[in-house]
Amino acid sequence: MGAVLIFEKTTRGVFMIVTIKNNVETSQIDNLLEWIKSLGLSTHVSRGDTDMIIGLIGDTTKLDIDLLRSLDIVDSVTRIQETYKNANRKFHPENTVVNVDGHTFGNENFPIIAGPCSVESYEQVLETAKAVKASGATILRGGAFKPRTSPYSFQGLGCDGLEILRAVRKETGMPIVTEITSVRYIEEFEDVDIIQVGARNMQNFELLKELGRTGKKILLKRGLSATIEELLMSAEYLMAGGATDIILCERGIRTFEPMTRNTLDLSAIPLIKEKTHLPVIVDPSHASGLNRLVRPMSLAAVGAGCDGLIIEVHNNPARALCDGAQSLRPDQFDELVKAIDVMLPLVGKKRG
Ligand code: PEP
Ligand code: MN
């Protein structure tokens, strides 16, 4: 390589370096430069004895990097800044703090969301909500629309489930978080405090676009096989539409290990916090799939610096219609919160 390019850091552009193969026709390079310029980018050409590299300066988000790589004359393309901008900490160094009825994610407070996997009845949700609230949970979870692997499994109570959540919110004063599975329910979710986008819908881009436009608070869970960058790109979809209050959730990824439902990616927590200003919470229930692993994984997640937890708790896990094996009993949850309280000062946080 006979040429070196040094770019100044700027927040205005997203850069790429294109290395051109040896012995290519000047006309081919001119064609390439013309195409790049037509996309509104400026170029910086640097020729060595045998090699040539082109620096692309400007917003390269609209450029198809795979198309560029596939060109005959192109040897390699290196992106030197990320394609997510709204979610990028480089362009927004301060933490985003998401405030849900006074419970804040992303600062020194550490809220715990708890509740059943799915809404089964008013009594079940109310009993569980009262128990988790007494132990220190501040936000109630519960799925009304359930994305199940089998169409024959319990699919959730749908809009009746949302009604139950509203009634329990009224009774307990706890804000609610519940999952949306389709754009066609957006109106029904109008008064939901935090709308959850589940792992299976993390890349449902039409849903993300529509939700982004509502400006509502969103809990975005990492997809089963999604990379950290893909998670951040999904957050970018929401933010490109106008949403600002987004909480990310690491909930385990699929690996070759069958002893746990998923593998909790603990290193994702500090990495995500490095890459983005958005808060990140952890779901140890779906990450492990096993009741007895929820406590150690919760404590590990606190140690890794997450901004909160979302934990499945059921008043009677043995009778749960969904995810009973990973759901904590209320007494186990109570014990866990006590252990979390011991750890929080070590990471400079307090339960809130
Ligand atoms: C859930 O929170 O109940 C759920 C289905 O989670 P995930 O989308 O992470 O699997
Ligand atoms: Mn579940």
# chains A, B, ... in the order shown; residues from 1 in each chain; ligands from 1

call {"tool": "residues_around", "arguments": {"residues": "Val183 in chain A", "least_positions_apart": "5", "cutoff": "10 Å", "atoms": "only C-alpha atoms", "output": "PyMOL selection string"}}
result
chain A and resi 204+206-211

call {"tool": "residues_near_ligand", "arguments": {"ligand": "ligand 1", "cutoff": "9 Å", "atoms": "only C-alpha atoms and all ligand atoms", "output": "ChimeraX atom specification"}}
result
/A:116-118,141-143,146-148,178-179,196-202,220-224,249-252,283,285-287,310-312,322-323

call {"tool": "write_last_selection", "arguments": {"atoms": "N, CA, C and O atoms", "output": "tab-separated table (two decimals), in the first residue's frame"}}
result
chain	number	residue	atom	x	y	z
A	116	PRO	N	-46.26	-10.87	35.27
A	116	PRO	CA	-46.34	-12.15	34.57
A	116	PRO	C	-45.94	-12.05	33.10
A	116	PRO	O	-45.98	-10.97	32.52
A	117	CYS	N	-45.58	-13.19	32.54
A	117	CYS	CA	-45.32	-13.21	31.10
A	117	CYS	C	-46.56	-12.74	30.38
A	117	CYS	O	-46.52	-11.78	29.63
A	118	SER	N	-47.69	-13.41	30.67
A	118	SER	CA	-48.90	-12.99	29.97
A	118	SER	C	-50.03	-12.70	30.94
A	118	SER	O	-50.08	-13.22	32.06
A	141	ARG	N	-45.28	-5.40	34.20
A	141	ARG	CA	-45.26	-5.99	32.86
A	141	ARG	C	-46.37	-7.02	32.75
A	141	ARG	O	-46.87	-7.54	33.76
A	142	GLY	N	-46.73	-7.34	31.50
A	142	GLY	CA	-47.74	-8.38	31.27
A	142	GLY	C	-48.11	-8.34	29.80
A	142	GLY	O	-48.42	-7.29	29.25
A	143	GLY	N	-48.03	-9.49	29.14
A	143	GLY	CA	-48.31	-9.54	27.70
A	143	GLY	C	-49.79	-9.81	27.44
A	143	GLY	O	-50.35	-10.78	27.96
A	146	LYS	N	-49.47	-12.17	22.66
A	146	LYS	CA	-48.29	-13.01	22.84
A	146	LYS	C	-47.79	-13.58	21.52
A	146	LYS	O	-48.53	-14.29	20.85
A	147	PRO	N	-46.54	-13.30	21.16
A	147	PRO	CA	-45.99	-13.89	19.92
A	147	PRO	C	-45.46	-15.29	20.24
A	147	PRO	O	-44.34	-15.43	20.69
A	148	ARG	N	-46.24	-16.32	20.08
A	148	ARG	CA	-45.83	-17.66	20.46
A	148	ARG	C	-45.26	-18.43	19.28
A	148	ARG	O	-45.70	-18.26	18.14
A	178	THR	N	-46.35	-3.33	27.94
A	178	THR	CA	-46.92	-4.50	27.29
A	178	THR	C	-46.56	-4.51	25.81
A	178	THR	O	-46.33	-3.46	25.21
A	179	GLU	N	-46.49	-5.69	25.26
A	179	GLU	CA	-45.93	-5.87	23.91
A	179	GLU	C	-46.96	-5.65	22.80
A	179	GLU	O	-48.08	-6.16	22.87
A	196	GLN	N	-43.80	-2.26	24.39
A	196	GLN	CA	-42.68	-3.20	24.19
A	196	GLN	C	-42.68	-3.69	22.74
A	196	GLN	O	-43.70	-4.11	22.21
A	197	VAL	N	-41.49	-3.63	22.13
A	197	VAL	CA	-41.29	-4.30	20.84
A	197	VAL	C	-40.46	-5.53	21.18
A	197	VAL	O	-39.33	-5.41	21.67
A	198	GLY	N	-41.03	-6.69	20.97
A	198	GLY	CA	-40.39	-7.93	21.39
A	198	GLY	C	-39.28	-8.36	20.45
A	198	GLY	O	-39.10	-7.80	19.35
A	199	ALA	N	-38.54	-9.36	20.91
A	199	ALA	CA	-37.39	-9.85	20.15
A	199	ALA	C	-37.79	-10.22	18.71
A	199	ALA	O	-37.05	-9.93	17.76
A	200	ARG	N	-38.95	-10.85	18.58
A	200	ARG	CA	-39.35	-11.30	17.24
A	200	ARG	C	-39.71	-10.17	16.31
A	200	ARG	O	-39.78	-10.34	15.10
A	201	ASN	N	-40.00	-9.01	16.86
A	201	ASN	CA	-40.36	-7.86	16.02
A	201	ASN	C	-39.28	-6.78	15.96
A	201	ASN	O	-39.53	-5.71	15.43
A	202	MET	N	-38.10	-7.09	16.50
A	202	MET	CA	-37.07	-6.06	16.52
A	202	MET	C	-36.76	-5.54	15.12
A	202	MET	O	-36.37	-4.38	14.94
A	220	LEU	N	-37.37	-1.59	23.53
A	220	LEU	CA	-36.97	-2.34	22.33
A	220	LEU	C	-36.07	-3.50	22.74
A	220	LEU	O	-34.96	-3.29	23.21
A	221	LYS	N	-36.57	-4.73	22.54
A	221	LYS	CA	-35.79	-5.90	22.94
A	221	LYS	C	-34.90	-6.38	21.79
A	221	LYS	O	-35.28	-6.26	20.62
A	222	ARG	N	-33.74	-6.88	22.16
A	222	ARG	CA	-32.80	-7.37	21.16
A	222	ARG	C	-33.35	-8.64	20.51
A	222	ARG	O	-33.86	-9.54	21.19
A	223	GLY	N	-33.24	-8.74	19.19
A	223	GLY	CA	-33.72	-9.91	18.46
A	223	GLY	C	-32.95	-11.16	18.84
A	223	GLY	O	-31.81	-11.09	19.34
A	224	LEU	N	-33.54	-12.32	18.59
A	224	LEU	CA	-32.95	-13.59	18.99
A	224	LEU	C	-31.54	-13.79	18.44
A	224	LEU	O	-30.69	-14.39	19.10
A	249	CYS	N	-33.22	-3.37	25.50
A	249	CYS	CA	-33.25	-4.51	26.43
A	249	CYS	C	-32.45	-5.69	25.88
A	249	CYS	O	-32.74	-6.20	24.81
A	250	GLU	N	-31.45	-6.08	26.66
A	250	GLU	CA	-30.69	-7.30	26.36
A	250	GLU	C	-31.46	-8.45	27.01
A	250	GLU	O	-31.68	-8.45	28.22
A	251	ARG	N	-31.88	-9.41	26.18
A	251	ARG	CA	-32.71	-10.51	26.70
A	251	ARG	C	-32.17	-11.87	26.28
A	251	ARG	O	-32.89	-12.85	26.22
A	252	GLY	N	-30.87	-11.88	26.01
A	252	GLY	CA	-30.26	-13.15	25.61
A	252	GLY	C	-30.35	-13.36	24.12
A	252	GLY	O	-31.29	-12.91	23.47
A	283	ASP	N	-33.31	-8.47	30.72
A	283	ASP	CA	-34.38	-9.42	31.00
A	283	ASP	C	-33.72	-10.78	31.28
A	283	ASP	O	-33.39	-11.52	30.37
A	285	SER	N	-35.06	-13.32	32.63
A	285	SER	CA	-36.03	-14.41	32.56
A	285	SER	C	-35.97	-15.08	31.18
A	285	SER	O	-35.78	-16.30	31.08
A	286	HIS	N	-36.11	-14.28	30.11
A	286	HIS	CA	-36.03	-14.87	28.77
A	286	HIS	C	-34.59	-15.24	28.42
A	286	HIS	O	-34.36	-16.11	27.60
A	287	ALA	N	-33.63	-14.56	29.05
A	287	ALA	CA	-32.23	-14.85	28.76
A	287	ALA	C	-31.85	-16.26	29.20
A	287	ALA	O	-31.07	-16.94	28.52
A	310	ILE	N	-36.10	-6.24	33.86
A	310	ILE	CA	-37.50	-6.64	33.62
A	310	ILE	C	-37.56	-8.14	33.92
A	310	ILE	O	-36.84	-8.93	33.31
A	311	ILE	N	-38.38	-8.48	34.91
A	311	ILE	CA	-38.36	-9.85	35.44
A	311	ILE	C	-39.76	-10.44	35.45
A	311	ILE	O	-40.73	-9.79	35.87
A	312	GLU	N	-39.86	-11.69	35.00
A	312	GLU	CA	-41.17	-12.35	35.02
A	312	GLU	C	-41.45	-12.94	36.39
A	312	GLU	O	-40.66	-13.73	36.93
A	322	CYS	N	-47.99	-19.31	30.28
A	322	CYS	CA	-46.83	-19.01	29.43
A	322	CYS	C	-45.60	-18.77	30.31
A	322	CYS	O	-45.69	-18.04	31.30
A	323	ASP	N	-44.51	-19.41	29.98
A	323	ASP	CA	-43.22	-19.15	30.64
A	323	ASP	C	-43.20	-19.37	32.16
A	323	ASP	O	-42.46	-18.68	32.89

call {"tool": "residues_around", "arguments": {"residues": "Ser70 in chain A", "least_positions_apart": "6", "cutoff": "12 Å", "atoms": "only C-alpha atoms", "output": "PDB file with all heavy atoms, in the first residue's frame"}}
result
ATOM      1  N   VAL A  18     -12.408   3.567   0.359  1.00  0.00           N
ATOM      2  CA  VAL A  18     -12.537   2.581  -0.712  1.00  0.00           C
ATOM      3  C   VAL A  18     -11.140   2.337  -1.282  1.00  0.00           C
ATOM      4  O   VAL A  18     -10.458   3.282  -1.685  1.00  0.00           O
ATOM      5  CB  VAL A  18     -13.453   3.112  -1.838  1.00  0.00           C
ATOM      6  CG1 VAL A  18     -13.640   2.066  -2.912  1.00  0.00           C
ATOM      7  CG2 VAL A  18     -14.797   3.555  -1.259  1.00  0.00           C
ATOM      8  N   ILE A  20      -8.973   0.769  -4.251  1.00  0.00           N
ATOM      9  CA  ILE A  20      -9.176   0.370  -5.649  1.00  0.00           C
ATOM     10  C   ILE A  20      -8.130  -0.689  -6.038  1.00  0.00           C
ATOM     11  O   ILE A  20      -6.973  -0.621  -5.600  1.00  0.00           O
ATOM     12  CB  ILE A  20      -9.032   1.613  -6.576  1.00  0.00           C
ATOM     13  CG1 ILE A  20     -10.014   2.722  -6.141  1.00  0.00           C
ATOM     14  CG2 ILE A  20      -9.216   1.252  -8.045  1.00  0.00           C
ATOM     15  CD1 ILE A  20     -11.467   2.370  -6.243  1.00  0.00           C
ATOM     16  N   ASP A  64     -25.200   2.276  -0.837  1.00  0.00           N
ATOM     17  CA  ASP A  64     -25.310   0.820  -0.668  1.00  0.00           C
ATOM     18  C   ASP A  64     -23.887   0.242  -0.625  1.00  0.00           C
ATOM     19  O   ASP A  64     -23.236   0.078  -1.653  1.00  0.00           O
ATOM     20  CB  ASP A  64     -26.120   0.240  -1.832  1.00  0.00           C
ATOM     21  CG  ASP A  64     -26.310  -1.270  -1.701  1.00  0.00           C
ATOM     22  OD1 ASP A  64     -25.595  -1.893  -0.889  1.00  0.00           O
ATOM     23  OD2 ASP A  64     -27.170  -1.804  -2.420  1.00  0.00           O
ATOM     24  N   SER A  76     -11.681  -3.211  -1.549  1.00  0.00           N
ATOM     25  CA  SER A  76     -12.320  -3.293  -0.232  1.00  0.00           C
ATOM     26  C   SER A  76     -12.954  -1.956   0.135  1.00  0.00           C
ATOM     27  O   SER A  76     -12.586  -0.916  -0.416  1.00  0.00           O
ATOM     28  CB  SER A  76     -11.286  -3.677   0.828  1.00  0.00           C
ATOM     29  OG  SER A  76     -10.374  -2.613   0.984  1.00  0.00           O
ATOM     30  N   VAL A  77     -13.924  -2.033   1.031  1.00  0.00           N
ATOM     31  CA  VAL A  77     -14.573  -0.814   1.521  1.00  0.00           C
ATOM     32  C   VAL A  77     -14.591  -0.888   3.036  1.00  0.00           C
ATOM     33  O   VAL A  77     -14.981  -1.899   3.606  1.00  0.00           O
ATOM     34  CB  VAL A  77     -16.034  -0.701   1.015  1.00  0.00           C
ATOM     35  CG1 VAL A  77     -16.671   0.592   1.514  1.00  0.00           C
ATOM     36  CG2 VAL A  77     -16.101  -0.782  -0.501  1.00  0.00           C
TER      37      VAL A  77
END

call {"tool": "atom_distance", "arguments": {"atom1": "CA of Val119 in chain A", "atom2": "CA of Leu157 in chain A"}}
result
6.9 Å

call {"tool": "select_by_dssp", "arguments": {"residues": "range 155-184 of chain A", "states": "helix (DSSP H, G or I)", "output": "PyMOL selection string"}}
result
chain A and resi 159-172+183-184

call {"tool": "closest_residue", "arguments": {"among": "A:Gly115, A:Gly215, A:Gly55, A:Gly242", "to": "ligand 2", "atoms": "only C-alpha atoms and all ligand atoms"}}
result
A:Gly115

call {"tool": "residues_around", "arguments": {"residues": "Pro111 in chain A", "least_positions_apart": "3", "cutoff": "8 Å", "atoms": "only C-alpha atoms", "output": "ChimeraX atom specification"}}
result
/A:103-105,137-139,307-309,351-352

call {"tool": "closest_residue", "arguments": {"among": "A:Ser225, A:Ser182, A:Phe145, A:Ile194", "to": "ligand 2", "atoms": "only C-alpha atoms and all ligand atoms"}}
result
A:Phe145

call {"tool": "closest_residue", "arguments": {"among": "A:Ile36, A:Ala144, A:Pro296, A:Ile253", "to": "Tyr185 in chain A", "atoms": "only C-alpha atoms"}}
result
A:Ala144

call {"tool": "atom_distance", "arguments": {"atom1": "CA of Leu68 in chain A", "atom2": "CA of Asp30 in chain A"}}
result
14.4 Å

call {"tool": "atom_distance", "arguments": {"atom1": "CA of Ser42 in chain A", "atom2": "CA of Glu229 in chain A"}}
result
25.9 Å

call {"tool": "closest_residue", "arguments": {"among": "A:Ala320, A:Ile186, A:Val342, A:Cys159", "to": "ligand 2", "atoms": "only C-alpha atoms and all ligand atoms"}}
result
A:Ala320

call {"tool": "closest_residue", "arguments": {"among": "A:Tyr152, A:Asn86, A:Leu346, A:Arg47", "to": "Ala243 in chain A", "atoms": "only C-alpha atoms"}}
result
A:Asn86

call {"tool": "closest_residue", "arguments": {"among": "A:Gly58, A:Pro279, A:Pro284, A:Pro93", "to": "ligand 2", "atoms": "only C-alpha atoms and all ligand atoms"}}
result
A:Pro284

call {"tool": "residues_around", "arguments": {"residues": "Ile228 in chain A", "least_positions_apart": "2", "cutoff": "9 Å", "atoms": "only C-alpha atoms", "output": "short mmCIF file (atom, residue, chain, number, x, y, z; two decimals) with all heavy atoms, in the first residue's frame"}}
result
data_model
loop_
_atom_site.label_atom_id
_atom_site.label_comp_id
_atom_site.auth_asym_id
_atom_site.auth_seq_id
_atom_site.Cartn_x
_atom_site.Cartn_y
_atom_site.Cartn_z
N ARG A 222 -33.74 -6.88 22.16
CA ARG A 222 -32.80 -7.37 21.16
C ARG A 222 -33.35 -8.64 20.51
O ARG A 222 -33.86 -9.54 21.19
CB ARG A 222 -31.47 -7.67 21.84
CG ARG A 222 -30.39 -8.14 20.89
CD ARG A 222 -29.08 -8.27 21.63
NE ARG A 222 -28.02 -8.74 20.78
CZ ARG A 222 -26.79 -9.00 21.21
NH1 ARG A 222 -26.48 -8.83 22.48
NH2 ARG A 222 -25.85 -9.43 20.37
N ALA A 226 -29.86 -11.11 16.78
CA ALA A 226 -29.47 -9.77 16.30
C ALA A 226 -28.13 -9.34 16.90
O ALA A 226 -27.86 -9.58 18.08
CB ALA A 226 -30.54 -8.75 16.67
N GLU A 230 -27.26 -4.21 14.89
CA GLU A 230 -28.63 -4.31 14.37
C GLU A 230 -29.65 -3.77 15.38
O GLU A 230 -30.63 -3.13 15.00
CB GLU A 230 -28.96 -5.77 14.00
CG GLU A 230 -28.29 -6.20 12.71
CD GLU A 230 -28.25 -7.71 12.49
OE1 GLU A 230 -28.46 -8.48 13.44
OE2 GLU A 230 -27.99 -8.12 11.34
N LEU A 231 -29.41 -4.03 16.66
CA LEU A 231 -30.30 -3.48 17.69
C LEU A 231 -30.27 -1.94 17.63
O LEU A 231 -31.30 -1.28 17.67
CB LEU A 231 -29.84 -3.96 19.08
CG LEU A 231 -30.53 -3.33 20.29
CD1 LEU A 231 -32.02 -3.67 20.33
CD2 LEU A 231 -29.87 -3.78 21.59
N LEU A 232 -29.07 -1.40 17.49
CA LEU A 232 -28.95 0.06 17.45
C LEU A 232 -29.59 0.63 16.18
O LEU A 232 -30.17 1.71 16.20
CB LEU A 232 -27.48 0.47 17.56
CG LEU A 232 -26.83 0.08 18.90
CD1 LEU A 232 -25.34 0.36 18.89
CD2 LEU A 232 -27.50 0.82 20.05
N MET A 233 -29.50 -0.12 15.09
CA MET A 233 -30.15 0.34 13.85
C MET A 233 -31.67 0.33 14.01
O MET A 233 -32.37 1.18 13.44
CB MET A 233 -29.73 -0.53 12.66
CG MET A 233 -28.32 -0.31 12.17
SD MET A 233 -27.91 1.42 11.85
CE MET A 233 -28.95 1.77 10.44
N ALA A 268 -22.68 -7.22 26.21
CA ALA A 268 -23.46 -6.26 25.41
C ALA A 268 -23.82 -5.02 26.23
O ALA A 268 -23.98 -3.94 25.68
CB ALA A 268 -24.74 -6.92 24.89
N LEU A 271 -21.04 -2.46 26.32
CA LEU A 271 -20.79 -2.08 24.92
C LEU A 271 -21.91 -1.18 24.39
O LEU A 271 -21.64 -0.17 23.74
CB LEU A 271 -20.72 -3.33 24.04
CG LEU A 271 -19.33 -3.87 23.80
CD1 LEU A 271 -19.40 -5.16 22.99
CD2 LEU A 271 -18.49 -2.84 23.02
N ILE A 272 -23.15 -1.57 24.66
CA ILE A 272 -24.27 -0.76 24.19
C ILE A 272 -24.20 0.63 24.81
O ILE A 272 -24.41 1.65 24.13
CB ILE A 272 -25.63 -1.44 24.51
CG1 ILE A 272 -25.81 -2.71 23.67
CG2 ILE A 272 -26.79 -0.49 24.27
CD1 ILE A 272 -27.00 -3.57 24.05
#
